[in-house]
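Peer 1: Dropping in target-v4.cif, which is mmCIF, C-alpha atoms:
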```
data_entry
#
loop_
_atom_site.label_atom_id
_atom_site.label_comp_id
_atom_site.auth_asym_id
_atom_site.auth_seq_id
_atom_site.Cartn_x
_atom_site.Cartn_y
_atom_site.Cartn_z
CA MET D 1 -24.69 34.42 21.52
CA LEU D 2 -21.02 34.22 20.53
CA ARG D 3 -20.65 30.94 22.39
CA PHE D 4 -23.71 29.54 20.57
CA LEU D 5 -22.33 30.53 17.17
CA THR D 6 -18.94 29.01 18.05
CA LEU D 7 -20.57 25.69 18.99
CA LEU D 8 -22.70 25.78 15.85
CA LEU D 9 -19.67 26.34 13.61
CA PHE D 10 -17.74 23.61 15.43
CA SER D 11 -20.60 21.12 14.88
CA PHE D 12 -20.83 22.09 11.22
CA SER D 13 -17.07 21.57 10.76
CA LEU D 14 -17.32 18.10 12.27
CA TRP D 15 -20.14 17.25 9.86
CA LEU D 16 -18.06 18.40 6.88
CA ALA D 17 -15.02 16.46 8.05
CA SER D 18 -17.00 13.25 8.34
CA GLY D 19 -17.04 12.89 4.55
CA PRO D 20 -19.65 11.00 2.46
CA THR D 21 -21.90 8.40 4.05
CA ALA D 22 -24.25 6.01 2.37
CA VAL D 23 -25.62 7.18 -0.94
CA GLY D 24 -29.39 7.26 -1.19
CA ALA D 25 -29.90 6.39 2.47
CA ALA D 26 -29.79 8.11 5.84
CA PRO D 27 -26.55 7.56 7.75
CA THR D 28 -26.76 4.77 10.29
CA SER D 29 -25.46 4.90 13.85
CA LEU D 30 -22.49 2.78 12.72
CA GLU D 31 -21.53 5.38 10.13
CA LEU D 32 -22.05 8.29 12.51
CA ARG D 33 -19.70 6.63 15.00
CA GLY D 34 -17.17 6.04 12.26
CA ASP D 35 -17.19 2.28 12.85
CA LYS D 36 -16.16 0.00 10.01
CA ILE D 37 -18.44 -2.55 8.40
CA HIS D 38 -17.38 -6.17 9.07
CA PRO D 39 -18.90 -8.27 6.24
CA LYS D 40 -19.12 -12.00 6.63
CA VAL D 41 -19.38 -12.42 2.84
CA PHE D 42 -18.35 -10.07 0.03
CA ILE D 43 -19.73 -10.98 -3.41
CA ILE D 44 -17.58 -9.86 -6.34
CA GLY D 45 -19.18 -9.49 -9.78
CA MET D 46 -17.70 -7.97 -12.93
CA PHE D 47 -20.51 -6.26 -14.86
CA ASP D 48 -24.12 -5.06 -14.64
CA GLN D 49 -26.03 -8.33 -14.85
CA GLU D 50 -23.62 -10.16 -12.56
CA GLY D 51 -24.40 -7.46 -10.03
CA SER D 52 -28.17 -7.26 -10.51
CA ALA D 53 -28.47 -11.06 -10.29
CA TRP D 54 -28.39 -10.59 -6.51
CA HIS D 55 -31.05 -7.86 -6.40
CA GLY D 56 -34.68 -8.41 -5.42
CA ILE D 57 -34.17 -11.85 -3.90
CA PRO D 58 -36.03 -12.98 -0.75
CA GLU D 59 -33.00 -14.26 1.15
CA PHE D 60 -31.23 -10.91 1.72
CA ASN D 61 -31.25 -7.33 0.45
CA ILE D 62 -27.84 -5.98 -0.48
CA LEU D 63 -29.28 -2.61 -1.52
CA GLU D 64 -30.12 -1.51 2.02
CA ARG D 65 -26.78 0.28 2.33
CA ASN D 66 -24.99 1.81 -0.65
CA ILE D 67 -21.52 3.16 0.08
CA THR D 68 -19.38 5.12 -2.36
CA VAL D 69 -15.78 3.89 -2.20
CA PRO D 70 -12.92 5.96 -3.65
CA GLY D 71 -11.03 3.97 -6.29
CA PHE D 72 -13.98 1.91 -7.49
CA SER D 73 -14.88 1.89 -11.18
CA PRO D 74 -16.60 5.10 -12.31
CA ARG D 75 -19.33 2.86 -13.73
CA PHE D 76 -19.86 1.04 -10.41
CA PRO D 77 -18.77 3.46 -7.68
CA ASP D 78 -20.69 1.89 -4.79
CA ALA D 79 -20.41 -1.11 -2.53
CA HIS D 80 -23.81 -2.56 -1.60
CA CYS D 81 -24.55 -4.16 1.76
CA THR D 82 -27.37 -5.54 3.86
CA LYS D 83 -28.52 -3.35 6.72
CA ASP D 84 -26.42 -5.23 9.27
CA GLY D 85 -23.40 -5.28 6.96
CA SER D 86 -23.07 -9.07 7.06
CA ILE D 87 -23.35 -9.45 3.27
CA CYS D 88 -21.85 -6.97 0.79
CA GLN D 89 -21.28 -6.80 -2.94
CA VAL D 90 -19.02 -4.97 -5.37
CA VAL D 91 -19.07 -4.88 -9.17
CA ALA D 92 -15.40 -4.67 -10.07
CA ASP D 93 -15.86 -3.92 -13.80
CA GLU D 94 -14.52 -6.02 -16.65
CA GLY D 95 -10.96 -6.91 -17.55
CA GLU D 96 -7.86 -7.40 -15.44
CA VAL D 97 -6.96 -3.72 -14.99
CA ASN D 98 -10.45 -2.73 -13.82
CA ALA D 99 -10.71 -5.73 -11.51
CA ALA D 100 -7.32 -5.19 -9.88
CA ALA D 101 -7.93 -1.47 -9.34
CA THR D 102 -11.36 -1.98 -7.78
CA ILE D 103 -10.43 -4.84 -5.46
CA THR D 104 -7.30 -3.03 -4.30
CA ALA D 105 -9.45 0.00 -3.50
CA LEU D 106 -11.85 -2.25 -1.60
CA ALA D 107 -9.09 -3.96 0.36
CA PHE D 108 -7.63 -0.68 1.56
CA SER D 109 -10.90 1.19 2.02
CA SER D 110 -11.52 2.84 5.39
CA HIS D 111 -15.17 1.71 5.24
CA PHE D 112 -14.53 -1.99 5.83
CA ASN D 113 -12.75 -4.45 8.07
CA LEU D 114 -12.24 -7.48 5.81
CA SER D 115 -9.99 -9.54 8.05
CA LYS D 116 -12.60 -12.27 8.52
CA THR D 117 -14.57 -11.76 5.31
CA TYR D 118 -15.23 -14.56 2.82
CA PHE D 119 -14.90 -13.38 -0.78
CA LEU D 120 -17.08 -15.04 -3.42
CA LEU D 121 -15.94 -14.30 -6.96
CA ALA D 122 -19.23 -14.85 -8.75
CA GLY D 123 -19.30 -14.47 -12.50
CA ILE D 124 -20.16 -16.12 -15.79
CA ALA D 125 -17.59 -17.63 -18.15
CA GLY D 126 -16.87 -19.53 -21.31
CA ILE D 127 -16.91 -23.26 -20.67
CA SER D 128 -15.30 -26.32 -22.22
CA PRO D 129 -17.80 -28.93 -23.47
CA LYS D 130 -15.27 -31.53 -22.38
CA VAL D 131 -16.04 -30.67 -18.76
CA GLY D 132 -19.35 -28.83 -18.46
CA THR D 133 -22.20 -27.12 -20.23
CA LEU D 134 -24.26 -23.94 -20.37
CA GLY D 135 -25.43 -23.23 -16.84
CA SER D 136 -22.86 -25.48 -15.17
CA VAL D 137 -21.58 -23.99 -11.91
CA THR D 138 -17.83 -24.38 -11.44
CA PHE D 139 -15.62 -23.85 -8.41
CA ALA D 140 -11.90 -23.47 -9.11
CA ARG D 141 -8.91 -24.45 -7.02
CA TYR D 142 -6.51 -22.84 -9.51
CA ALA D 143 -6.77 -19.66 -11.54
CA VAL D 144 -4.19 -19.59 -14.34
CA GLN D 145 -3.18 -16.49 -16.27
CA VAL D 146 -2.91 -18.30 -19.60
CA SER D 147 -2.27 -15.21 -21.73
CA LEU D 148 0.90 -14.31 -19.82
CA GLN D 149 3.03 -15.97 -22.49
CA TYR D 150 4.96 -15.35 -25.67
CA GLU D 151 2.76 -15.40 -28.76
CA ILE D 152 3.61 -16.19 -32.38
CA ASP D 153 0.94 -15.77 -35.01
CA ALA D 154 -0.26 -19.33 -35.68
CA ARG D 155 0.31 -18.80 -39.41
CA GLU D 156 4.02 -18.31 -38.73
CA LYS D 157 4.66 -20.80 -35.94
CA PRO D 158 7.11 -23.68 -36.44
CA ALA D 159 5.38 -26.76 -37.82
CA GLU D 160 6.33 -28.83 -34.76
CA PHE D 161 4.64 -26.38 -32.36
CA PRO D 162 1.01 -27.32 -31.55
CA THR D 163 0.24 -23.68 -30.77
CA GLY D 164 1.66 -20.19 -31.20
CA TYR D 165 1.74 -19.68 -27.41
CA LEU D 166 4.97 -20.35 -25.49
CA PRO D 167 5.54 -19.85 -21.76
CA GLN D 168 7.76 -16.85 -21.10
CA GLY D 169 11.45 -17.64 -21.11
CA SER D 170 10.88 -21.06 -22.63
CA LYS D 171 11.83 -22.44 -26.03
CA THR D 172 8.86 -24.76 -26.61
CA PRO D 173 5.16 -24.78 -25.62
CA GLU D 174 5.77 -27.79 -23.37
CA GLN D 175 8.49 -26.17 -21.25
CA TYR D 176 7.62 -24.63 -17.86
CA PRO D 177 7.97 -20.83 -17.94
CA GLN D 178 11.50 -19.80 -17.07
CA THR D 179 10.55 -16.15 -16.54
CA LEU D 180 7.83 -15.61 -13.96
CA TYR D 181 5.89 -12.53 -12.88
CA GLY D 182 4.22 -14.18 -9.89
CA THR D 183 0.61 -13.92 -11.05
CA GLU D 184 0.65 -16.92 -13.39
CA VAL D 185 -1.13 -19.19 -10.89
CA PHE D 186 -3.14 -18.69 -7.72
CA GLU D 187 -4.35 -21.59 -5.62
CA VAL D 188 -7.24 -21.18 -3.18
CA ASN D 189 -8.49 -23.18 -0.18
CA ASP D 190 -9.70 -26.56 -1.46
CA ASP D 191 -11.34 -27.48 1.86
CA LEU D 192 -13.44 -24.33 1.69
CA ARG D 193 -14.16 -25.03 -1.97
CA GLN D 194 -15.56 -28.47 -1.14
CA LEU D 195 -17.86 -26.99 1.53
CA ALA D 196 -19.04 -24.34 -0.93
CA MET D 197 -19.75 -26.93 -3.61
CA ASP D 198 -21.87 -28.91 -1.16
CA LEU D 199 -23.85 -25.75 -0.35
CA ALA D 200 -24.20 -24.85 -4.04
CA LYS D 201 -25.61 -28.29 -4.82
CA THR D 202 -28.62 -27.51 -2.60
CA GLY D 203 -29.71 -24.83 -5.08
CA LYS D 204 -32.06 -25.63 -7.96
CA LEU D 205 -30.30 -24.96 -11.25
CA THR D 206 -32.14 -23.55 -14.27
CA ASP D 207 -32.17 -25.54 -17.51
CA GLY D 208 -34.34 -24.08 -20.28
CA SER D 209 -35.52 -25.68 -23.52
CA ALA D 210 -33.49 -23.36 -25.78
CA VAL D 211 -30.32 -24.27 -23.91
CA GLN D 212 -31.16 -27.98 -24.09
CA THR D 213 -31.67 -27.79 -27.85
CA TYR D 214 -28.45 -25.89 -28.43
CA ARG D 215 -26.20 -28.04 -26.26
CA ALA D 216 -27.59 -31.27 -27.77
CA GLN D 217 -25.55 -30.49 -30.87
CA TYR D 218 -22.36 -31.15 -28.91
CA ALA D 219 -23.35 -34.81 -28.47
CA ALA D 220 -22.03 -35.51 -31.98
CA HIS D 221 -18.46 -35.31 -30.63
CA PRO D 222 -17.50 -38.17 -28.27
CA GLU D 223 -15.33 -35.88 -26.12
CA TYR D 224 -18.17 -33.39 -25.63
CA ALA D 225 -20.59 -35.56 -23.64
CA ALA D 226 -20.44 -33.16 -20.69
CA GLY D 227 -21.38 -30.30 -23.00
CA ALA D 228 -24.53 -32.10 -24.09
CA ALA D 229 -25.55 -33.04 -20.53
CA ALA D 230 -27.60 -31.06 -18.01
CA PRO D 231 -25.89 -28.40 -15.89
CA SER D 232 -24.43 -29.36 -12.53
CA VAL D 233 -21.95 -28.18 -9.90
CA ILE D 234 -18.36 -29.04 -10.88
CA GLY D 235 -14.89 -28.68 -9.40
CA CYS D 236 -12.48 -27.57 -12.14
CA ASP D 237 -10.15 -24.70 -12.91
CA THR D 238 -10.30 -21.35 -14.65
CA ALA D 239 -8.17 -19.57 -17.25
CA THR D 240 -7.70 -15.80 -17.17
CA SER D 241 -7.07 -13.75 -20.30
CA ASP D 242 -8.00 -10.20 -21.27
CA THR D 243 -8.43 -11.51 -24.82
CA PHE D 244 -11.90 -12.98 -25.44
CA TRP D 245 -10.87 -16.00 -27.48
CA THR D 246 -12.71 -18.97 -28.96
CA GLY D 247 -12.00 -22.15 -30.91
CA ALA D 248 -10.85 -25.72 -30.24
CA LEU D 249 -7.19 -25.01 -31.02
CA LEU D 250 -6.88 -22.17 -28.51
CA ALA D 251 -9.04 -24.03 -25.98
CA ASP D 252 -6.82 -27.09 -26.11
CA ALA D 253 -3.69 -24.92 -25.98
CA PHE D 254 -4.87 -23.15 -22.84
CA ALA D 255 -6.02 -26.42 -21.28
CA ASN D 256 -2.45 -27.60 -21.76
CA THR D 257 -1.15 -24.33 -20.27
CA THR D 258 -3.36 -24.83 -17.21
CA ALA D 259 -2.02 -28.34 -16.71
CA LEU D 260 1.58 -27.26 -17.35
CA PHE D 261 1.52 -24.25 -15.00
CA THR D 262 -0.03 -26.33 -12.18
CA ASN D 263 2.35 -29.28 -12.67
CA GLY D 264 -0.45 -31.47 -13.98
CA THR D 265 -2.91 -30.84 -11.13
CA GLY D 266 -5.14 -28.20 -12.71
CA LYS D 267 -8.05 -29.13 -14.95
CA TYR D 268 -9.15 -26.32 -17.27
CA CYS D 269 -12.87 -25.77 -17.74
CA THR D 270 -13.71 -22.05 -17.83
CA SER D 271 -12.34 -18.89 -19.40
CA GLN D 272 -12.80 -15.37 -18.07
CA GLN D 273 -11.03 -11.98 -17.91
CA GLU D 274 -10.60 -11.05 -14.23
CA ASP D 275 -9.89 -13.79 -11.71
CA ASN D 276 -6.09 -13.63 -11.49
CA ALA D 277 -6.35 -9.86 -11.09
CA VAL D 278 -8.84 -10.20 -8.24
CA LEU D 279 -6.80 -12.92 -6.56
CA GLY D 280 -3.59 -10.93 -6.94
CA SER D 281 -5.19 -7.97 -5.20
CA LEU D 282 -6.60 -10.14 -2.40
CA LEU D 283 -3.23 -11.82 -1.90
CA ARG D 284 -1.54 -8.44 -1.46
CA ALA D 285 -4.32 -7.43 0.91
CA ALA D 286 -3.59 -10.58 2.89
CA LEU D 287 0.12 -9.72 3.01
CA ALA D 288 -0.89 -6.33 4.43
CA GLY D 289 -3.05 -8.00 7.08
CA ARG D 290 -6.30 -6.68 5.61
CA ALA D 291 -7.78 -9.95 4.27
CA ASP D 292 -7.51 -13.71 4.71
CA PHE D 293 -6.60 -15.51 1.49
CA ALA D 294 -7.89 -18.77 2.96
CA ARG D 295 -11.40 -17.28 2.72
CA VAL D 296 -11.61 -16.92 -1.06
CA LEU D 297 -13.96 -18.79 -3.42
CA VAL D 298 -13.90 -18.68 -7.24
CA MET D 299 -17.29 -19.53 -8.77
CA ARG D 300 -17.91 -19.26 -12.51
CA VAL D 301 -21.03 -20.33 -14.41
CA GLY D 302 -20.89 -21.45 -18.06
CA SER D 303 -22.64 -18.93 -20.33
CA ASP D 304 -21.12 -19.87 -23.71
CA PHE D 305 -18.97 -22.66 -25.09
CA ASP D 306 -15.27 -22.02 -25.70
CA ARG D 307 -15.44 -23.84 -29.06
CA PRO D 308 -18.06 -24.67 -31.70
CA PHE D 309 -20.03 -27.89 -31.92
CA PRO D 310 -19.18 -30.27 -34.83
CA GLY D 311 -20.03 -28.57 -38.12
CA GLN D 312 -20.48 -25.11 -36.62
CA ASN D 313 -18.39 -22.16 -37.81
CA VAL D 314 -16.06 -20.76 -35.14
CA THR D 315 -17.30 -17.19 -35.67
CA THR D 316 -20.91 -18.31 -35.29
CA ASN D 317 -19.97 -19.77 -31.92
CA LEU D 318 -18.18 -16.57 -30.95
CA PHE D 319 -21.10 -14.29 -31.80
CA ASN D 320 -23.78 -16.60 -30.38
CA LEU D 321 -23.40 -15.51 -26.77
CA SER D 322 -27.07 -15.09 -25.90
CA THR D 323 -28.28 -18.72 -25.77
CA GLY D 324 -26.76 -19.55 -22.40
CA PHE D 325 -26.51 -16.06 -20.92
CA GLY D 326 -29.84 -15.98 -19.08
CA THR D 327 -29.35 -19.49 -17.74
CA ALA D 328 -25.87 -18.61 -16.48
CA ILE D 329 -27.11 -15.50 -14.67
CA SER D 330 -29.97 -17.47 -13.10
CA ASN D 331 -27.64 -20.23 -11.92
CA LEU D 332 -25.17 -17.70 -10.58
CA ARG D 333 -27.90 -16.78 -8.13
CA ALA D 334 -29.32 -20.31 -7.70
CA ALA D 335 -25.97 -21.75 -6.64
CA GLY D 336 -24.52 -18.64 -5.06
CA VAL D 337 -27.29 -17.79 -2.61
CA PRO D 338 -26.96 -21.10 -0.69
CA VAL D 339 -23.22 -20.49 -0.42
CA VAL D 340 -23.69 -16.98 0.97
CA THR D 341 -26.50 -17.86 3.37
CA GLY D 342 -24.73 -21.05 4.41
CA ILE D 343 -21.66 -19.10 5.51
CA VAL D 344 -23.76 -16.52 7.38
CA ASP D 345 -26.10 -19.07 9.00
CA GLN D 346 -23.21 -21.33 10.08
CA TRP D 347 -20.94 -18.46 11.10
CA LYS D 348 -20.50 -19.30 14.75
CA ALA D 349 -20.34 -23.07 14.27
CA THR D 350 -17.97 -23.21 11.29
CA TYR D 351 -16.95 -20.07 9.46
CA LYS D 352 -16.05 -17.45 12.05
CA LYS D 353 -12.90 -19.32 13.04
CA GLY D 354 -12.10 -20.07 9.42
CA VAL D 355 -11.74 -23.27 7.40
CA ALA D 356 -8.16 -24.50 7.63
CA PRO D 357 -6.77 -25.43 4.20
CA SER D 358 -5.11 -28.82 3.85
CA ASN D 359 -3.59 -27.72 0.52
CA TYR D 360 -1.14 -24.96 -0.29
CA ILE D 361 -2.77 -21.55 -0.90
CA GLY D 362 -1.28 -18.49 -2.54
CA ASP D 363 0.93 -17.57 -5.48
CA ILE D 364 3.86 -19.16 -7.24
CA TRP D 365 6.39 -17.51 -4.90
CA GLY D 366 4.97 -18.85 -1.65
CA SER D 367 4.38 -15.26 -0.53
CA LEU D 368 1.93 -16.25 2.22
CA GLY D 369 4.15 -19.05 3.51
CA GLY D 370 4.20 -22.74 2.73
CA LYS D 371 5.64 -24.49 -0.29
CA PRO D 372 3.78 -24.15 -3.61
CA ASP D 373 2.73 -27.44 -5.20
CA PHE D 374 3.23 -25.93 -8.64
CA GLY D 375 6.02 -24.09 -10.40
CA PRO D 376 9.79 -24.17 -10.02
CA GLY D 377 9.73 -21.90 -6.96
CA THR D 378 12.21 -19.48 -8.48
CA ALA D 379 12.46 -17.74 -11.84
CA SER D 380 15.50 -17.61 -14.09
CA ALA D 381 15.62 -14.95 -16.75
#
```
What is this file in structure tokens?
Peer 2:
Amino acid sequence: MLRFLTLLLFSFSLWLASGPTAVGAAPTSLELRGDKIHPKVFIIGMFDQEGSAWHGIPEFNILERNITVPGFSPRFPDAHCTKDGSICQVVADEGEVNAAATITALAFSSHFNLSKTYFLLAGIAGISPKVGTLGSVTFARYAVQVSLQYEIDAREKPAEFPTGYLPQGSKTPEQYPQTLYGTEVFEVNDDLRQLAMDLAKTGKLTDGSAVQTYRAQYAAHPEYAAGAAAPSVIGCDTATSDTFWTGALLADAFANTTALFTNGTGKYCTSQQEDNAVLGSLLRAALAGRADFARVLVMRVGSDFDRPFPGQNVTTNLFNLSTGFGTAISNLRAAGVPVVTGIVDQWKATYKKGVAPSNYIGDIWGSLGGKPDFGPGTASA
């Protein structure tokens, strides 16, 4: 009897020590063995609807396994995965601080082996009518932290300055930043980006009548022809700022910042609040040997214009965020699903071994090796 009780207590202690398993589902044999999940693709969204866009679709079910991960946002505490763990998703929460905290927690979680995982940053964004329109699907090579600058209130700026934003350590808006933090620019694998764009183009994009009517008003400006056109898949770059800004003056200023920080290579088209934070976390994960930065994709879908159409008040444009929202969420899924399934279906033939980048990838310091094709390479205070 004593031996039986001893064995029973020992078994119970092992069960307690095993910690939490999947939430809302029975533990699988993988979890009971303590094995890690090895996702082929990890989808990264930033808020509720970006997460639920992937629910209830016929191609795969990411709600089959729901795993609570310490360090995730209190609002979105779980990672979601298919039963076999090949496709997973996290909702990082909005803003740079939330995004960095969540993705760092993911990268160093004991639940996952992410060494061969492809990360798809999949969110909506503001979009420039000079480049795209509501529902346009963009894939970035560069993410630029445009708000990491000096700022002078535009009402007090020198008359010769086109904007109140100045790169840190510089004396004019046109001068490359002389003081660098290292997160100003991230460059991802352009060869992988091109493959992803080809996959995304096989999806059928949504284009509703309300969106068509609204965007037609941008045709009155000769530079906004892309804004008045139908949505498509575009290669262009993204600007990160915690401040949700709008207006032609700021848009043009940050387009210039994007070009300046990338030595003329980057082409601004979308604005969002998280991408440099996510990429910074993934780069540090790569330095720790826990992720491969060559397996990162940045996809943003236009949900609102970054400036008003001719004759529209700037505040009306700012507060009119609903017209393109539904279309953007639909196209997030329409373009994103072929990317995800394409990677999984072509895993053995193409993606398992990785897609070698022909361009530089990484940060402004060259932390992952190689020579950056942007920036001075060193900072001077």
Peer 1: List the neighbours of D:Leu195 out to 12 Å using all atoms listed in the file; skip same-chain residues closer than 6 positions along the sequence, and give me the result as a VMD selection string.
Peer 2: chain D and resid 139 189 201 to 202 235 295 297 338 to 340 342 to 343 346 350 to 351 354 to 357
Peer 1: Given all atoms listed in the file as the basis, pick out the residue of D:Glu50, D:Glu96, D:Glu184, D:Glu156 nearest to D:Gly326.
Peer 2: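 Comparing D:Glu50, D:Glu96, D:Glu184, D:Glu156 against D:Gly326, the winner is D:Glu50.
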Peer 1: Would you compute the box with edges along x, y and z of the file around stretch 135-144 of chain D, including every atom the file lists for it and 8 Å extra on each side, and give its centre and edge lengths in Å to one decimal, as lines of an AutoDock Vina configuration file?
Peer 2:
```
center_x = -14.8
center_y = -22.5
center_z = -11.9
size_x = 37.2
size_y = 21.9
size_z = 25.8
```
Peer 1: When the PyMOL selection byres ((chain D and resi 210-222) around 9) is applied to the file above, which residues end up in the set, as an MDAnalysis selection string?
Peer 2: chainID D and resid 129 133:135 207:209 223:230 308:310 323:324 327
Peer 1: Applying the PyMOL selection byres ((chain D and resi 154) around 12) to the file I just gave you, which residues come out? Please list them as a count of residues only.
Peer 2: 19
Peer 1: Using only C-alpha atoms, find the one residue out of D:Ser52, D:Asp190, D:Gln149, D:Asp93 that sits nearest to D:Lys171.
Peer 2: D:Gln149
Peer 1: Point out the residue among D:Val131, D:Leu318, D:Val90, D:Val185 with the least atom-to-atom distance to D:Gly280, counting all atoms listed in the file.
Peer 2: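 When distances to D:Gly280 are compared using all atoms listed in the file, the smallest one comes from D:Val185.
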Peer 1: Selection in question (the file shown): the PyMOL selection byres ((chain D and resi 64) around 6). Which residues does it include, as a list in words?
Peer 2: Ile62, Leu63, Arg65, Thr82 and Lys83 of chain D
Peer 1: Determine the nearest neighbour of D:Lys267 from the options D:Gln175, D:Asn98, D:Thr68, D:Thr138, counting only C-alpha atoms.
Peer 2: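 For D:Lys267, the nearest of the candidates is D:Thr138.
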Peer 1: Could you work out how far atom CA of D:Ala53 lies from atom CA of D:Arg290, giving the answer in Å with one decimal?
Peer 2: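 Spanning atom CA of D:Arg290 to atom CA of D:Ala53 is a straight-line distance of 27.6 Å.
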Peer 1: Using all atoms listed in the file, which of the listed residues (D:Gly85, D:Gly126, D:Gly45, D:Gly169) sits closest to D:Ser271?
Peer 2: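 Ranked by minimum distance to D:Ser271, first place goes to D:Gly126.
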Peer 1: Just give me the residues with any atom within 12 Å of (4.7, -22.8, 2.2), file coordinates, counting all atoms listed in the file, written as an mmCIF file with C-alpha atoms, in the frame of the given file.
Peer 2:
```
data_model
loop_
_atom_site.group_PDB
_atom_site.id
_atom_site.type_symbol
_atom_site.label_atom_id
_atom_site.label_comp_id
_atom_site.auth_asym_id
_atom_site.auth_seq_id
_atom_site.Cartn_x
_atom_site.Cartn_y
_atom_site.Cartn_z
ATOM 1 C CA PRO D 357 -6.770 -25.430 4.200
ATOM 2 C CA SER D 358 -5.110 -28.820 3.850
ATOM 3 C CA ASN D 359 -3.590 -27.720 0.520
ATOM 4 C CA TYR D 360 -1.140 -24.960 -0.290
ATOM 5 C CA ILE D 361 -2.770 -21.550 -0.900
ATOM 6 C CA GLY D 362 -1.280 -18.490 -2.540
ATOM 7 C CA ASP D 363 0.930 -17.570 -5.480
ATOM 8 C CA ILE D 364 3.860 -19.160 -7.240
ATOM 9 C CA TRP D 365 6.390 -17.510 -4.900
ATOM 10 C CA GLY D 366 4.970 -18.850 -1.650
ATOM 11 C CA SER D 367 4.380 -15.260 -0.530
ATOM 12 C CA LEU D 368 1.930 -16.250 2.220
ATOM 13 C CA GLY D 369 4.150 -19.050 3.510
ATOM 14 C CA GLY D 370 4.200 -22.740 2.730
ATOM 15 C CA LYS D 371 5.640 -24.490 -0.290
ATOM 16 C CA PRO D 372 3.780 -24.150 -3.610
ATOM 17 C CA ASP D 373 2.730 -27.440 -5.200
ATOM 18 C CA PHE D 374 3.230 -25.930 -8.640
ATOM 19 C CA GLY D 377 9.730 -21.900 -6.960
#
```
Peer 1: Looking at D:Asp345, D:Asp48, D:Asp237, D:Asp292, which one is nearest to D:Ser86, with distances taken over all atoms listed in the file?
Peer 2: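 The closest residue to D:Ser86 is D:Asp345.
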Peer 1: Rounded to one decimal, what separation in Å do you get between atom CA of D:Ala125 and atom CA of D:Gln272?
Peer 2: 5.3 Å
